[in-house]
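Student: Take a look at this one; I'll ask things after.
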Amino acid sequence: SYAVYLAKQSKKVVYISFDNFGSTENYFSGEGQFGTSDVIFALKSKKANLALKLESYVKQDSRGVYFFSPAKFAMDMLEFKHDERIQLINELKLMGSYDHMIIDVDFGLDKNHFDFYKLAHNVVMVSDGSLISNTKMLNACSAITTIDHNQDVPVANRFNVLYNRFSSKTGSVLEEGAFRNVGGFPVYAQATIDQIIAQLSNNTVFEKLD
């Protein structure tokens with residue numbers, strides 16, 4: 001939704017998923033025969049024309065978002081090493097073709113995850129505001145803040161919380177000792193993924209992430 005929001009603002013945005021078992025085609029569709037498996041192969045081949053390869057592998061959704069199709073086989077993602085993922089981000093940055101990159105990655109506290117956090121302008125955590133979710137968020141905040149003391153590049157101030165499927169009847173917004181709250185979205189019942197994306201991409205909440 002944030003990617004579509006940016007595209008509506010005439011920004012050139014590329015969405016990259018490092019979810020080993022997810023699929024960008026749940027959200028976007030575009031023409032082309034190449035995808036993440038080809039990206040992985042190109043990175044491993046270490047060829048000089050990597051930028052041209054990446055440019056030919058990317059697809060564009062009808063709403064303007066650029067993305068890579070998912071890997072042909074889930075096992076391919078296991079061959080997608082951390083240093084290659086970082087190289088992909090840096091290569092796309094060096095190309096200068098995109099105003100924004102949105103990286104979908106799971107949360108973690110190891111060095112690999114901190115490499116991602118250090119590259120990011122904003123890190124967005126998603127919560128529904130439930131007791132269980134809030135407890136996890138507070139624990140994550142405490143851990144990030146503690147680890148930050150030993151980091152050469154602090155990252156805690158880059159973290160934000162976005163509330164999704166939020167209801168004041170079943171959830172609450174964290175105020176003390178938590179990451180910055182940028183707002184949230186209610187539950188959209190009986191709506192398709194495309195309908196939800198369309199609704200969310202019109203929300204001014206995303207302005208706080210610009």
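In the structure tokens, chains take the letters A, B, ... in the order shown, each chain's residues start at 1, and ligands count up from 1 in the order shown.
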Taking only residues of segment 52-163 of chain A that have an atom at most 10 Å from an atom of segment 179-185 of chain A, what is each one's shortest atom pair and its distance in Å to one decimal, using only C-alpha atoms, in chain and number order, as a Markdown table?

Tutor:
| residue | atom | partner | partner_atom | distance |
| --- | --- | --- | --- | --- |
| A:Val123 | CA | A:Phe179 | CA | 9.9 |
| A:Val124 | CA | A:Val182 | CA | 9.2 |
| A:Met125 | CA | A:Phe179 | CA | 8.7 |
| A:Val126 | CA | A:Gly184 | CA | 9.1 |
| A:Ser127 | CA | A:Gly184 | CA | 9.0 |
| A:Asp128 | CA | A:Gly184 | CA | 8.8 |
| A:Gly129 | CA | A:Gly184 | CA | 9.8 |
| A:Met137 | CA | A:Phe179 | CA | 8.3 |
| A:Leu138 | CA | A:Phe179 | CA | 8.4 |
| A:Ala140 | CA | A:Phe179 | CA | 9.3 |
| A:Cys141 | CA | A:Phe179 | CA | 6.5 |
| A:Ser142 | CA | A:Phe179 | CA | 9.7 |
| A:Ile144 | CA | A:Phe179 | CA | 10.0 |
| A:Thr145 | CA | A:Phe179 | CA | 9.9 |
| A:Ala156 | CA | A:Phe179 | CA | 7.7 |
| A:Asn157 | CA | A:Phe179 | CA | 7.7 |
| A:Arg158 | CA | A:Phe179 | CA | 8.5 |
| A:Phe159 | CA | A:Phe179 | CA | 5.6 |
| A:Asn160 | CA | A:Arg180 | CA | 4.6 |
| A:Val161 | CA | A:Asn181 | CA | 4.9 |
| A:Leu162 | CA | A:Gly184 | CA | 5.3 |
| A:Tyr163 | CA | A:Gly184 | CA | 4.1 |

Student: Please extract the residues of segment 58-98 of chain A with a backbone DSSP assignment of strand (DSSP E or B) and present them as a PyMOL selection string.

Tutor: chain A and resi 59-60+66-67

Student: Would you compute the distance between atom CA of Ser133 of chain A and atom CA of Val105 of chain A? Give it in Å to one decimal.

Tutor: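 Atom CA of Val105 of chain A lies at a distance of 17.9 Å from atom CA of Ser133 of chain A.
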
Student: Near Val155 of chain A, counting only C-alpha atoms, which residues have an atom at most 7 Å away, once you skip same-chain residues fewer than 5 positions from it, shown as a list in words?

Tutor: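 Neighbouring residues, sequence-local ones excluded: Tyr117, Lys118 and Asp148 of chain A.
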
Student: I'd like a table as a tab-separated table: residues in segment 101-138 of chain A with an atom no more than 9 Å from segment 83-94 of chain A, each row giving the shortest atom pair and its distance in Å to one decimal, only C-alpha atoms counted, sorted by chain and rising residue number.

Tutor:
residue	atom	partner	partner_atom	distance
A:Met101	CA	A:Ile89	CA	8.3
A:Ile103	CA	A:Ile89	CA	8.8
A:Asn112	CA	A:Asp83	CA	8.7
A:Asp115	CA	A:Ile86	CA	7.9
A:Phe116	CA	A:Ile86	CA	7.6
A:Leu119	CA	A:Ile89	CA	8.7

Student: With distances taken over only C-alpha atoms, which of A:Asn202, A:Pro70, A:Leu131, A:Phe34 is nearest to Lys53 of chain A?

Tutor: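 Nearest to Lys53 of chain A: A:Phe34.
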
Student: So, counting only C-alpha atoms, which residue among A:Phe41, A:Glu207, A:Gly64, A:Asn134 is closest to Lys8 of chain A?

Tutor: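 For Lys8 of chain A, the nearest of the given residues is A:Gly64.
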
Student: Can you tell me, as a list of chain:residue names, what residues are no more than 9 Å from Ile102 of chain A when counting only C-alpha atoms, ignoring any on the same chain fewer than 5 positions away?

Tutor: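 Counting only the stated atoms, we get A:Tyr2, A:Ala3, A:Val13, A:Val14, A:Tyr15, A:Ile16, A:Ser17.
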
Student: Can those selected residues be exported to a file as a PDB file, in the first residue's frame so that it contains N, CA and C atoms?

Tutor:
ATOM      1  N   TYR A   2       1.951   1.218   0.763  1.00  0.00           N
ATOM      2  CA  TYR A   2       2.855   2.372   0.795  1.00  0.00           C
ATOM      3  C   TYR A   2       3.524   2.561  -0.558  1.00  0.00           C
ATOM      4  N   ALA A   3       3.872   1.465  -1.214  1.00  0.00           N
ATOM      5  CA  ALA A   3       4.480   1.556  -2.541  1.00  0.00           C
ATOM      6  C   ALA A   3       3.512   2.193  -3.532  1.00  0.00           C
ATOM      7  N   VAL A  13       9.182   3.928  -7.484  1.00  0.00           N
ATOM      8  CA  VAL A  13       9.413   3.085  -6.310  1.00  0.00           C
ATOM      9  C   VAL A  13       9.532   1.625  -6.715  1.00  0.00           C
ATOM     10  N   VAL A  14      10.478   0.932  -6.082  1.00  0.00           N
ATOM     11  CA  VAL A  14      10.648  -0.494  -6.328  1.00  0.00           C
ATOM     12  C   VAL A  14      10.405  -1.232  -5.016  1.00  0.00           C
ATOM     13  N   TYR A  15       9.633  -2.294  -5.100  1.00  0.00           N
ATOM     14  CA  TYR A  15       9.273  -3.116  -3.945  1.00  0.00           C
ATOM     15  C   TYR A  15      10.049  -4.427  -4.032  1.00  0.00           C
ATOM     16  N   ILE A  16      10.799  -4.742  -2.968  1.00  0.00           N
ATOM     17  CA  ILE A  16      11.620  -5.955  -2.946  1.00  0.00           C
ATOM     18  C   ILE A  16      11.216  -6.804  -1.752  1.00  0.00           C
ATOM     19  N   SER A  17      10.918  -8.053  -1.986  1.00  0.00           N
ATOM     20  CA  SER A  17      10.542  -8.955  -0.903  1.00  0.00           C
ATOM     21  C   SER A  17      11.656  -9.963  -0.638  1.00  0.00           C
TER      22      SER A  17
END

Student: Report the residues of segment 2-209 of chain A whose backbone DSSP state falls under alpha helix (DSSP H), written as a ChimeraX atom specification.

Tutor: /A:2-8,36-45,50-57,74-78,82-95,111-119,131-148,193-200

Student: What does the structure give for the distance between atom CA of Ser37 of chain A and atom CA of Tyr98 of chain A, in Å to one decimal?

Tutor: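 Interatomic distance, atom CA of Ser37 of chain A to atom CA of Tyr98 of chain A: 21.5 Å.
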
Student: Using only C-alpha atoms, find the one residue out of A:Gln60, A:Thr36, A:Asn139, A:Ser69 that sits nearest to Ala7 of chain A.

Tutor: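 When distances to Ala7 of chain A are compared using only C-alpha atoms, the smallest one comes from A:Gln60.
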